[in-house]
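Pasted below: final_3.txt, compact mmCIF, C-alpha atoms and all ligand atoms.
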```
# COMPACT_ATOMS: atom_id res chain seq x y z
CA MET A 1 -96.60 -33.41 -110.88
CA THR A 2 -95.55 -36.26 -108.63
CA ILE A 3 -94.43 -39.85 -109.02
CA SER A 4 -96.98 -42.65 -109.28
CA ASP A 5 -97.58 -45.33 -106.66
CA SER A 6 -96.08 -47.89 -109.00
CA THR A 7 -92.81 -45.90 -109.07
CA SER A 8 -92.63 -45.71 -105.28
CA ASP A 9 -93.54 -49.41 -104.95
CA ALA A 10 -90.87 -50.41 -107.47
CA PHE A 11 -88.32 -48.24 -105.68
CA LEU A 12 -89.10 -49.82 -102.27
CA LYS A 13 -88.92 -53.31 -103.74
CA ASP A 14 -85.49 -52.59 -105.23
CA PHE A 15 -84.24 -50.85 -102.09
CA HIS A 16 -85.16 -53.79 -99.85
CA TYR A 17 -83.73 -56.25 -102.36
CA VAL A 18 -80.34 -54.51 -102.53
CA ALA A 19 -80.25 -54.55 -98.70
CA THR A 20 -79.99 -58.37 -98.95
CA ILE A 21 -76.68 -58.11 -100.81
CA GLY A 22 -73.92 -58.43 -98.23
CA ALA A 23 -76.58 -58.52 -95.49
CA THR A 24 -75.32 -58.91 -91.91
CA ALA A 25 -76.98 -60.63 -88.96
CA ASN A 26 -78.61 -57.49 -87.53
CA ASN A 27 -80.19 -55.86 -90.62
CA GLY A 28 -77.02 -54.16 -91.78
CA VAL A 29 -74.81 -54.66 -94.82
CA ASP A 30 -71.09 -55.16 -95.36
CA ARG A 31 -70.14 -54.16 -98.90
CA GLN A 32 -66.68 -52.66 -98.77
CA ALA A 33 -65.27 -51.29 -101.99
CA ALA A 34 -64.24 -53.79 -104.67
CA THR A 35 -65.13 -56.85 -102.56
CA ASP A 36 -67.37 -59.65 -103.83
CA GLU A 37 -70.37 -58.00 -102.10
CA ASP A 38 -69.61 -54.75 -103.91
CA ARG A 39 -69.43 -56.76 -107.15
CA GLN A 40 -72.90 -58.17 -106.50
CA SER A 41 -74.51 -54.78 -105.90
CA ARG A 42 -72.72 -53.40 -108.99
CA THR A 43 -73.99 -56.31 -111.06
CA TRP A 44 -77.50 -55.54 -109.82
CA PHE A 45 -77.05 -51.89 -110.91
CA ALA A 46 -75.71 -52.95 -114.34
CA ASP A 47 -78.60 -55.38 -114.90
CA TRP A 48 -81.16 -52.75 -113.88
CA VAL A 49 -79.69 -50.29 -116.37
CA ASN A 50 -79.32 -52.80 -119.20
CA ASN A 51 -82.88 -54.07 -118.71
CA ARG A 52 -84.17 -50.57 -119.44
CA GLY A 53 -81.96 -50.08 -122.46
CA TYR A 54 -79.95 -47.23 -120.92
CA GLN A 55 -76.28 -46.95 -121.81
CA LEU A 56 -73.90 -48.22 -119.11
CA ARG A 57 -70.42 -46.77 -118.78
CA ILE A 58 -67.68 -47.72 -116.33
CA ASP A 59 -64.65 -45.46 -116.01
CA GLY A 60 -61.05 -46.21 -115.02
CA ILE A 61 -61.67 -45.84 -111.26
CA GLY A 62 -64.79 -48.02 -111.24
CA ASN A 63 -67.47 -45.32 -111.25
CA MET A 64 -70.64 -46.58 -112.98
CA PHE A 65 -72.85 -44.31 -115.08
CA ALA A 66 -76.30 -45.04 -116.53
CA LEU A 67 -76.89 -42.61 -119.39
CA ILE A 68 -80.30 -41.44 -120.56
CA GLU A 69 -79.85 -39.32 -123.64
CA TRP A 70 -82.67 -37.28 -125.20
CA ASN A 71 -80.49 -34.55 -126.62
CA PRO A 72 -77.47 -36.10 -128.37
CA GLY A 73 -74.25 -34.30 -127.54
CA ALA A 74 -75.69 -32.22 -124.69
CA PRO A 75 -74.01 -32.51 -121.25
CA PHE A 76 -75.50 -34.56 -118.45
CA ILE A 77 -77.05 -33.83 -115.08
CA LEU A 78 -75.67 -36.55 -112.79
CA VAL A 79 -77.75 -38.01 -109.95
CA GLY A 80 -76.47 -40.64 -107.57
CA SER A 81 -74.46 -41.69 -104.53
CA HIS A 82 -72.55 -44.88 -103.60
CA LEU A 83 -73.35 -48.58 -103.12
CA ASP A 84 -70.24 -49.41 -101.07
CA SER A 85 -70.43 -49.48 -97.26
CA GLN A 86 -68.39 -49.43 -94.08
CA PRO A 87 -67.80 -52.80 -92.36
CA LEU A 88 -70.94 -53.86 -90.40
CA ALA A 89 -72.74 -50.80 -91.74
CA GLY A 90 -76.32 -49.71 -92.24
CA ARG A 91 -78.28 -50.45 -95.41
CA PHE A 92 -79.30 -46.83 -96.12
CA ASP A 93 -76.02 -44.89 -96.31
CA GLY A 94 -75.29 -44.39 -100.01
CA ALA A 95 -77.49 -47.19 -101.35
CA TYR A 96 -80.63 -45.13 -100.76
CA GLY A 97 -79.26 -42.33 -102.93
CA VAL A 98 -78.30 -44.60 -105.82
CA ILE A 99 -81.56 -46.55 -105.89
CA ALA A 100 -83.67 -43.40 -105.50
CA ALA A 101 -81.68 -41.86 -108.36
CA LEU A 102 -82.39 -44.83 -110.65
CA HIS A 103 -86.14 -44.60 -110.04
CA ALA A 104 -86.21 -40.80 -110.25
CA ALA A 105 -84.36 -41.03 -113.58
CA GLU A 106 -86.74 -43.64 -114.95
CA GLU A 107 -89.71 -41.47 -113.97
CA VAL A 108 -88.16 -38.39 -115.59
CA ASP A 109 -87.41 -40.45 -118.72
CA GLN A 110 -91.05 -41.53 -118.99
CA ARG A 111 -92.24 -37.94 -118.68
CA ILE A 112 -89.83 -36.72 -121.36
CA ARG A 113 -90.79 -39.55 -123.73
CA ASN A 114 -94.49 -38.93 -123.15
CA SER A 115 -94.12 -35.22 -123.83
CA GLY A 116 -91.80 -35.70 -126.81
CA SER A 117 -89.76 -32.71 -125.62
CA LYS A 118 -86.01 -32.26 -125.88
CA PRO A 119 -84.58 -30.84 -122.65
CA PRO A 120 -81.28 -28.93 -122.75
CA PHE A 121 -79.50 -31.54 -120.61
CA ASN A 122 -79.39 -35.32 -120.53
CA LEU A 123 -79.53 -37.36 -117.32
CA ALA A 124 -77.13 -39.95 -115.89
CA VAL A 125 -77.32 -42.00 -112.70
CA VAL A 126 -73.99 -42.60 -111.02
CA ASN A 127 -72.70 -45.15 -108.51
CA TRP A 128 -69.42 -43.65 -107.26
CA PHE A 129 -66.57 -46.00 -106.38
CA ASN A 130 -65.33 -46.18 -102.77
CA GLU A 131 -67.07 -43.32 -101.04
CA GLU A 132 -66.52 -44.91 -97.63
CA GLY A 133 -62.75 -45.31 -97.68
CA ALA A 134 -62.95 -48.24 -95.26
CA ARG A 135 -60.91 -50.80 -97.21
CA PHE A 136 -59.02 -48.25 -99.30
CA ALA A 137 -58.24 -44.75 -97.88
CA PRO A 138 -58.90 -41.99 -98.81
CA SER A 139 -62.66 -41.88 -98.89
CA ILE A 140 -64.77 -40.13 -101.55
CA MET A 141 -62.36 -41.62 -104.07
CA GLY A 142 -64.35 -42.11 -107.28
CA SER A 143 -66.09 -38.74 -107.25
CA SER A 144 -62.88 -36.92 -106.27
CA VAL A 145 -61.03 -38.49 -109.21
CA SER A 146 -63.92 -37.49 -111.44
CA ALA A 147 -63.78 -33.91 -110.10
CA GLY A 148 -60.01 -33.74 -110.63
CA LEU A 149 -59.28 -33.49 -106.89
CA MET A 150 -57.42 -36.80 -106.77
CA ASP A 151 -55.13 -38.41 -109.33
CA GLU A 152 -56.51 -41.57 -110.93
CA GLN A 153 -53.19 -43.44 -111.25
CA GLN A 154 -52.26 -42.62 -107.68
CA MET A 155 -55.63 -43.87 -106.44
CA LEU A 156 -55.41 -47.10 -108.49
CA ALA A 157 -52.13 -47.81 -106.67
CA VAL A 158 -53.58 -47.36 -103.15
CA THR A 159 -53.44 -50.66 -101.23
CA ASP A 160 -55.59 -52.20 -98.52
CA LEU A 161 -54.14 -53.79 -95.36
CA GLN A 162 -53.46 -57.03 -97.30
CA GLY A 163 -51.45 -55.15 -99.91
CA THR A 164 -54.05 -55.44 -102.71
CA ALA A 165 -54.14 -52.37 -104.95
CA VAL A 166 -57.36 -50.62 -105.95
CA GLY A 167 -56.67 -51.32 -109.64
CA ASP A 168 -56.17 -55.05 -109.07
CA ALA A 169 -59.20 -55.27 -106.79
CA LEU A 170 -61.35 -53.59 -109.46
CA ASP A 171 -59.96 -55.97 -112.10
CA SER A 172 -60.72 -58.97 -109.93
CA ILE A 173 -64.40 -58.03 -109.61
CA GLY A 174 -64.59 -57.06 -113.30
CA PHE A 175 -65.37 -53.39 -112.74
CA ARG A 176 -62.30 -51.51 -113.89
CA GLY A 177 -63.59 -49.82 -117.00
CA THR A 178 -62.17 -47.82 -119.86
CA ASP A 179 -65.20 -45.71 -120.72
CA GLU A 180 -65.19 -41.96 -120.90
CA ARG A 181 -67.08 -40.17 -118.13
CA PRO A 182 -70.15 -38.27 -119.31
CA THR A 183 -69.66 -34.50 -119.37
CA ALA A 184 -71.41 -33.18 -116.25
CA ALA A 185 -73.38 -29.94 -116.08
CA GLY A 186 -74.75 -30.46 -112.57
CA TYR A 187 -75.07 -33.02 -109.80
CA ALA A 188 -77.80 -33.97 -107.33
CA GLU A 189 -77.58 -36.40 -104.43
CA ILE A 190 -79.98 -37.54 -101.73
CA HIS A 191 -78.69 -39.19 -98.56
CA ILE A 192 -79.74 -40.02 -95.03
CA GLU A 193 -78.89 -37.22 -92.60
CA GLN A 194 -76.79 -39.39 -90.23
CA GLY A 195 -77.76 -36.88 -87.52
CA ARG A 196 -81.00 -36.29 -85.61
CA ILE A 197 -81.99 -32.73 -86.52
CA LEU A 198 -84.67 -33.65 -89.09
CA GLU A 199 -86.12 -36.35 -86.84
CA ARG A 200 -86.19 -34.03 -83.82
CA GLU A 201 -87.91 -31.28 -85.80
CA LYS A 202 -90.22 -33.71 -87.63
CA THR A 203 -89.03 -32.32 -90.95
CA GLN A 204 -89.02 -34.50 -94.07
CA LEU A 205 -86.21 -32.90 -96.07
CA GLY A 206 -82.95 -31.12 -95.40
CA ALA A 207 -81.53 -28.80 -98.04
CA VAL A 208 -77.80 -28.97 -97.35
CA ASP A 209 -76.33 -25.48 -97.55
CA GLY A 210 -72.78 -26.22 -96.49
CA SER A 211 -70.29 -28.65 -95.06
CA TRP A 212 -68.34 -28.28 -91.82
CA TYR A 213 -64.75 -27.20 -91.46
CA THR A 214 -62.76 -30.28 -90.51
CA GLN A 215 -59.22 -31.21 -89.77
CA LYS A 216 -57.26 -34.10 -88.37
CA LEU A 217 -54.23 -34.19 -86.10
CA ASP A 218 -51.74 -36.98 -86.62
CA ILE A 219 -50.06 -37.54 -83.25
CA GLU A 220 -47.06 -39.71 -82.50
CA VAL A 221 -45.92 -40.30 -78.93
CA ILE A 222 -42.45 -41.76 -78.52
CA GLY A 223 -41.47 -43.25 -75.17
CA GLU A 224 -39.10 -46.06 -74.34
CA GLN A 225 -39.81 -49.76 -74.31
CA SER A 226 -38.98 -51.53 -71.04
CA HIS A 227 -40.03 -54.40 -68.78
CA THR A 228 -43.41 -53.90 -67.08
CA GLY A 229 -42.19 -55.70 -64.02
CA ALA A 230 -38.50 -55.00 -63.68
CA THR A 231 -38.50 -51.27 -64.47
CA ALA A 232 -38.85 -48.89 -61.52
CA MET A 233 -41.88 -46.60 -61.86
CA ALA A 234 -39.63 -43.56 -61.82
CA ASP A 235 -37.68 -44.96 -64.78
CA ARG A 236 -40.62 -45.63 -67.10
CA HIS A 237 -41.18 -43.62 -70.28
CA ASP A 238 -44.63 -44.92 -71.07
CA ALA A 239 -45.97 -43.67 -74.40
CA LEU A 240 -49.45 -45.05 -73.64
CA ILE A 241 -49.89 -42.94 -70.48
CA ALA A 242 -49.23 -39.75 -72.44
CA ALA A 243 -51.38 -40.90 -75.38
CA SER A 244 -54.26 -41.68 -73.01
CA LYS A 245 -54.08 -38.15 -71.59
CA ILE A 246 -54.21 -36.81 -75.14
CA VAL A 247 -57.39 -38.80 -75.87
CA LEU A 248 -59.04 -37.10 -72.90
CA MET A 249 -57.74 -33.67 -73.95
CA VAL A 250 -59.35 -34.17 -77.37
CA GLU A 251 -62.68 -34.83 -75.70
CA ASN A 252 -62.36 -32.16 -73.02
CA VAL A 253 -61.62 -29.36 -75.46
CA THR A 254 -65.21 -29.58 -76.75
CA GLY A 255 -66.26 -28.26 -73.32
CA ASP A 256 -64.70 -24.87 -74.17
CA PHE A 257 -67.50 -24.24 -76.67
CA GLU A 258 -71.27 -24.36 -76.78
CA ALA A 259 -72.74 -27.88 -76.85
CA GLU A 260 -72.22 -29.54 -80.26
CA GLN A 261 -70.37 -26.52 -81.66
CA LEU A 262 -67.24 -28.63 -81.83
CA VAL A 263 -67.20 -32.41 -82.20
CA SER A 264 -64.06 -34.47 -81.79
CA SER A 265 -62.77 -37.99 -81.38
CA VAL A 266 -59.64 -40.02 -81.50
CA GLY A 267 -60.74 -42.66 -84.01
CA GLN A 268 -57.43 -44.40 -84.53
CA PHE A 269 -55.00 -45.58 -81.85
CA VAL A 270 -52.09 -47.96 -82.37
CA VAL A 271 -49.91 -49.12 -79.48
CA GLU A 272 -46.42 -50.58 -80.01
CA PRO A 273 -45.29 -53.17 -79.28
CA ASN A 274 -48.67 -54.02 -77.67
CA SER A 275 -47.28 -56.80 -75.53
CA PRO A 276 -48.66 -57.46 -72.01
CA ILE A 277 -45.23 -57.35 -70.42
CA VAL A 278 -43.71 -54.37 -72.21
CA VAL A 279 -44.10 -50.69 -71.32
CA PRO A 280 -45.33 -49.17 -74.62
CA ARG A 281 -42.62 -47.42 -76.63
CA ARG A 282 -44.81 -45.72 -79.26
CA VAL A 283 -48.44 -44.75 -79.78
CA HIS A 284 -49.82 -43.36 -83.01
CA LEU A 285 -53.24 -41.70 -82.83
CA VAL A 286 -55.42 -39.60 -85.08
CA ALA A 287 -57.77 -36.94 -83.72
CA ASP A 288 -60.64 -35.58 -85.83
CA LEU A 289 -61.95 -32.05 -85.11
CA ARG A 290 -65.07 -30.68 -86.80
CA SER A 291 -67.16 -27.53 -86.49
CA ASN A 292 -69.22 -25.31 -88.70
CA GLU A 293 -66.84 -22.48 -87.73
CA LYS A 294 -63.25 -22.53 -88.84
CA GLU A 295 -62.26 -20.37 -85.84
CA VAL A 296 -63.64 -22.96 -83.42
CA VAL A 297 -61.55 -25.75 -84.95
CA GLU A 298 -58.48 -23.52 -85.04
CA THR A 299 -58.92 -22.44 -81.42
CA ALA A 300 -59.35 -26.04 -80.31
CA ARG A 301 -56.34 -27.12 -82.35
CA GLY A 302 -54.21 -24.35 -80.80
CA LYS A 303 -55.22 -25.31 -77.28
CA LEU A 304 -54.56 -29.00 -77.92
CA LYS A 305 -51.13 -28.25 -79.37
CA ASP A 306 -50.24 -26.17 -76.29
CA GLU A 307 -51.47 -28.82 -73.87
CA ILE A 308 -49.66 -31.57 -75.76
CA GLU A 309 -46.47 -29.50 -75.70
CA GLU A 310 -46.81 -29.08 -71.93
CA LEU A 311 -47.39 -32.81 -71.59
CA ALA A 312 -44.25 -33.52 -73.61
CA GLN A 313 -42.24 -31.20 -71.36
CA ALA A 314 -43.64 -32.67 -68.16
CA SER A 315 -43.29 -36.30 -69.21
CA GLY A 316 -39.99 -35.99 -71.01
CA LEU A 317 -41.46 -37.86 -74.01
CA LYS A 318 -41.20 -36.83 -77.62
CA ILE A 319 -44.62 -35.99 -79.06
CA ALA A 320 -45.02 -34.96 -82.71
CA VAL A 321 -48.28 -33.35 -83.87
CA LYS A 322 -49.02 -32.86 -87.57
CA ASP A 323 -52.01 -31.19 -89.20
CA PHE A 324 -53.57 -33.10 -92.09
CA ASP A 325 -56.77 -33.58 -94.11
CA ILE A 326 -57.89 -29.98 -93.63
CA ARG A 327 -61.21 -29.45 -95.41
CA PRO A 328 -62.60 -25.93 -95.56
CA ASN A 329 -66.29 -25.09 -95.23
CA ARG A 330 -68.01 -25.70 -98.52
CA TYR A 331 -71.20 -23.97 -99.58
CA PHE A 332 -73.81 -25.33 -101.95
CA PRO A 333 -75.28 -22.87 -104.46
CA GLU A 334 -78.22 -20.74 -103.32
CA SER A 335 -80.13 -21.50 -106.52
CA GLY A 336 -80.09 -25.21 -105.62
CA LEU A 337 -81.37 -24.51 -102.11
CA GLU A 338 -84.19 -22.41 -103.51
CA LEU A 339 -85.00 -25.12 -106.05
CA GLN A 340 -85.32 -27.70 -103.26
CA GLU A 341 -87.54 -25.35 -101.25
CA LYS A 342 -89.80 -24.75 -104.25
CA VAL A 343 -90.05 -28.49 -104.98
CA ALA A 344 -90.85 -29.23 -101.33
CA ALA A 345 -93.57 -26.56 -101.28
CA ASP A 346 -95.11 -27.93 -104.49
CA LEU A 347 -95.14 -31.45 -103.06
CA GLY A 348 -96.35 -30.40 -99.60
CA LEU A 349 -93.19 -31.67 -97.91
CA SER A 350 -91.54 -29.94 -94.96
CA ILE A 351 -87.97 -28.76 -95.46
CA ARG A 352 -85.25 -26.86 -93.61
CA ARG A 353 -81.70 -25.82 -94.41
CA ILE A 354 -79.06 -27.96 -92.76
CA GLN A 355 -75.32 -28.50 -92.72
CA THR A 356 -73.42 -31.72 -93.21
CA MET A 357 -70.73 -32.78 -90.76
CA ALA A 358 -69.88 -35.84 -92.83
CA GLY A 359 -68.10 -35.97 -96.17
CA HIS A 360 -70.08 -36.84 -99.30
CA ASP A 361 -69.53 -37.33 -103.03
CA SER A 362 -71.60 -34.17 -103.49
CA ILE A 363 -68.91 -32.10 -101.77
CA ALA A 364 -66.36 -33.21 -104.36
CA MET A 365 -68.79 -32.63 -107.24
CA ASN A 366 -69.75 -29.20 -105.91
CA THR A 367 -66.20 -28.01 -106.62
CA VAL A 368 -66.76 -28.49 -110.37
CA VAL A 369 -70.49 -28.24 -111.12
CA PRO A 370 -73.52 -26.69 -109.41
CA THR A 371 -74.67 -29.32 -106.93
CA VAL A 372 -77.78 -30.07 -104.92
CA MET A 373 -77.47 -32.12 -101.71
CA MET A 374 -80.60 -33.31 -99.95
CA PHE A 375 -81.10 -35.17 -96.66
CA ILE A 376 -83.90 -37.34 -95.34
CA PRO A 377 -84.26 -38.24 -91.61
CA SER A 378 -82.17 -40.89 -89.84
CA ALA A 379 -83.82 -42.60 -86.84
CA ASP A 380 -81.88 -41.64 -83.67
CA GLY A 381 -79.28 -40.07 -85.95
CA VAL A 382 -77.26 -43.27 -86.02
CA SER A 383 -75.12 -44.26 -88.99
CA HIS A 384 -72.10 -46.40 -89.92
CA CYS A 385 -73.69 -49.17 -87.85
CA GLU A 386 -76.30 -51.89 -88.36
CA ARG A 387 -78.90 -49.95 -86.36
CA GLU A 388 -79.17 -47.25 -89.05
CA PHE A 389 -82.84 -46.77 -90.01
CA THR A 390 -85.11 -44.61 -92.15
CA SER A 391 -88.80 -45.39 -92.75
CA ASP A 392 -90.26 -46.30 -96.14
CA ASP A 393 -92.43 -43.15 -95.99
CA ASP A 394 -89.42 -40.91 -95.46
CA MET A 395 -87.55 -42.64 -98.27
CA VAL A 396 -90.47 -42.21 -100.67
CA ALA A 397 -90.85 -38.52 -99.73
CA GLY A 398 -87.19 -38.05 -100.63
CA LEU A 399 -87.63 -39.92 -103.91
CA ARG A 400 -90.50 -37.61 -104.83
CA ALA A 401 -88.38 -34.54 -104.15
CA LEU A 402 -85.34 -35.91 -105.97
CA THR A 403 -87.46 -36.68 -109.04
CA GLU A 404 -88.68 -33.07 -109.29
CA VAL A 405 -85.19 -31.69 -108.64
CA ALA A 406 -83.78 -33.86 -111.44
CA PHE A 407 -86.62 -32.84 -113.74
CA ALA A 408 -85.94 -29.16 -113.06
CA MET A 409 -82.18 -29.55 -113.47
CA ILE A 410 -82.39 -31.21 -116.92
CA HIS A 411 -84.44 -28.15 -117.90
CA GLY A 412 -81.57 -25.88 -116.91
CA GLU A 413 -83.00 -24.55 -113.66
CA LEU A 414 -79.59 -24.75 -112.03
CA ASP A 415 -77.46 -23.80 -115.02
CA ASP A 416 -74.59 -21.55 -113.99
CA GLY A 417 -72.90 -21.23 -117.37
CA GLY A 418 -69.93 -23.33 -116.31
CA SER A 419 -68.78 -21.19 -113.39
CA GLN A 420 -66.58 -22.93 -110.82
CA GLU A 421 -67.28 -20.60 -107.94
CA TYR A 422 -69.65 -22.90 -106.08
CA GLY A 423 -67.27 -24.99 -104.06
CA GLY A 424 -64.27 -22.70 -104.15
CA PRO A 425 -60.94 -23.26 -105.85
CA HIS A 426 -59.51 -26.74 -106.35
CA ASP A 427 -56.39 -26.18 -104.30
CA GLY A 428 -58.51 -25.68 -101.21
CA GLY A 429 -60.46 -28.82 -101.99
CA LEU A 430 -60.51 -32.29 -100.60
CA ARG A 431 -57.08 -33.48 -99.69
CA THR A 432 -56.00 -36.89 -100.89
CA GLU A 433 -53.95 -37.82 -97.88
CA GLY A 434 -55.82 -40.13 -95.57
CA SER A 435 -59.15 -38.36 -95.77
CA GLN A 436 -62.11 -40.13 -94.26
CA ALA A 437 -65.82 -39.71 -94.68
ZN ZN B 1 -72.69 -42.14 -97.66
```

Using structure tokens, write down the structure that the file contains.
Ligand SMILES: [Zn+2]
Amino acid sequence: MTISDSTSDAFLKDFHYVATIGATANNGVDRQAATDEDRQSRTWFADWVNNRGYQLRIDGIGNMFALIEWNPGAPFILVGSHLDSQPLAGRFDGAYGVIAALHAAEEVDQRIRNSGSKPPFNLAVVNWFNEEGARFAPSIMGSSVSAGLMDEQQMLAVTDLQGTAVGDALDSIGFRGTDERPTAAGYAEIHIEQGRILEREKTQLGAVDGSWYTQKLDIEVIGEQSHTGATAMADRHDALIAASKIVLMVENVTGDFEAEQLVSSVGQFVVEPNSPIVVPRRVHLVADLRSNEKEVVETARGKLKDEIEELAQASGLKIAVKDFDIRPNRYFPESGLELQEKVAADLGLSIRRIQTMAGHDSIAMNTVVPTVMMFIPSADGVSHCEREFTSDDDMVAGLRALTEVAFAMIHGELDDGGSQEYGGPHDGGLRTEGSQA
């Protein structure tokens, strides 16, 4: 069975409509968590759900659930993603997964009603709060609270750069709820790849089998502030010179491995006092190291720590390096991968197994329930920018696959009897401190 043309047309119409909410000059969107633009896309979601008579629930951290219940009291298969975005972001990241989930759910609902059957699980579409972590860090907030990996009260107290707390921001847009979360028995998410493997291989679907090992290094370089003109060169203790060398070390270390085996960047860099006539006294920077192999990240980390230590000795500056936001490899259940492959074969869609380098709500959910994560192609692999693009045909192919995956999951095809072994133990899970998607 496959979805009708009217379902795919309705999906595309909704997708392109939601892209107008918070639209930017160059075809992107800017809908950071709990802003007025986020409120507008949430209102659209709520109206869509209410118009179809589905039950809408909003929990204490702003996650939105649309419940379709055929079997009163039975747990729910959740399907969804996030409607929030990075600043000046693309219109596909997250939004595609939520809107595809709504239309897949409606299609599944029609089939169940037509057949008069009573599947073992109900279905709920979810819009997770603050996946991006742009305005409020950490990222993957709503799903991590739901999975018990982050504390709700602690997250409600997180502030943005203006000092506004998550709880107050949610109140101000009217989306801090008090509803109970539906009991989840499984989770499925579809997302753009944000890489170029599927495009390069002309493959329509990626069945995500695992997530990369990642870690960050928090680095503080302490020099001494002095006059840029009056201080002799020999007397300068310039924190920015040392920090700049570290930025290059973080890039150069990738050369010790095969191409693309290790990816790294310094994404944050703060200079103090940042005055044109003062030799910088302090630089704070954050390096992000990611690889599919834990050993690669650990080897790179070790080398960087040694080189930074040597630099500290040679320059006479104090340099502190701290490990944080360590995320182990996570593996998605084999039964979910096989389900995606079966669905793809039935629909005549091409599929390959793939890893994710980016964080996703599905990685949090996979620590508590069996989870399916699917990718569709991203043009040129670009994401978190306005140039992000995926064709209508690729989006519809993904919607078709997601619909069949959801249909299979409500019939218990991924039921694991409540085991938690899929993502590994909670204490090795997502860390709350400063994690970023
Ligand atoms: Zn996303």

Next item on the list: Give the residue list for ligand ZN 1 (chain B) at 9 Å, counting only C-alpha atoms and all ligand atoms, as a PyMOL selection string, sorted by chain and then by residue number.
Entry: chain A and resi 81-85+92-95+97+131-132+191-192+194+358-361+384+437

Checklist line | Non-local contacts of Val278 (chain A) (6 Å; all atoms listed in the file; under 5 positions in same chain excluded) as a ChimeraX atom specification | finding: /A:226-228

Kindly save the residues from that selection, with C-alpha atoms included, as a PDB file, in the coordinates of the input.
```pdb
ATOM      1  CA  SER A 226     -38.980 -51.530 -71.040  1.00  0.00           C
ATOM      2  CA  HIS A 227     -40.030 -54.400 -68.780  1.00  0.00           C
ATOM      3  CA  THR A 228     -43.410 -53.900 -67.080  1.00  0.00           C
TER       4      THR A 228
END
```

Check: Using all atoms listed in the file, which of A:Ile308, A:Ser275, A:Val108, A:Gly223 sits nearest Leu248 (chain A)?
Finding: A:Ile308

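Straight-line separation from CA of Phe76 (chain A) to CA of Leu123 (chain A): 5.0 Å.
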
Margin query: I'd like the interatomic distance between CA of Cys385 (chain A) and CA of Phe257 (chain A), to a tenth of an Å.
Written below: 28.0 Å

Check: Which of these residues is nearest to Arg91 (chain A), using all atoms listed in the file: A:Gly148, A:Ile277, A:Gln204, A:Ser383?
Finding: A:Ser383

Margin query: As an exercise, work out the distance from CA of Leu217 (chain A) to CA of Ile319 (chain A) in Å and give it to one decimal place.
Written below: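 Between CA of Leu217 (chain A) and CA of Ile319 (chain A) the gap works out to 12.0 Å.
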
Next item on the list: Please provide as an MDAnalysis selection string all residues within 8 Å of Ala242 (chain A), with the sequence filter that same-chain residues fewer than 5 positions apart are discarded (counting only C-alpha atoms).
Entry: chainID A and resid 221 311 315

Kindly export the residues of the current selection with C-alpha atoms, as a compact mmCIF listing (two decimals), in the frame of the given file.
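As a result, selection32.txt now contains:
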```txt
# COMPACT_ATOMS: atom_id res chain seq x y z
CA VAL A 221 -45.92 -40.30 -78.93
CA LEU A 311 -47.39 -32.81 -71.59
CA SER A 315 -43.29 -36.30 -69.21
```

Notebook entry, point to check: Hey, what's within 10 Å of Trp70 (chain A) if we count all atoms listed in the file and toss same-chain stuff fewer than 3 positions away? As a list in words, please?
Noted result: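 That gives Leu67, Gly73, Ala74, Asp109, Ile112, Arg113, Gly116, Ser117, Lys118, Pro119, Pro120, Phe121, Asn122 and Leu123 of chain A.
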
Check: Need the neighbours of (-48.3, -51.8, -74.9): which residues are at most 12 Å away, counting all atoms listed in the file, as a count of residues only?
Finding: 29

Checklist line | From A:Gly206, A:Asn292, A:Leu88, A:Ala33, residue lying nearest Thr164 (chain A) [only C-alpha atoms] | finding: A:Ala33

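Nearest-residue note for Pro75 (chain A): choosing from A:Gly142, A:Gly381, A:Gly186, A:Gly398, the minimum distance belongs to A:Gly186, counting all atoms listed in the file.
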
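Using all atoms listed in the file, the nearest neighbour of Ile376 (chain A) within the list A:Glu295, A:Asp30, A:Glu189, A:Glu413 is A:Glu189.
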
Margin query: Considering only C-alpha atoms, can you say which of A:Arg135, A:Val29, A:Ser350, A:Gly62 comes closest to Tyr17 (chain A)?
Written below: A:Val29
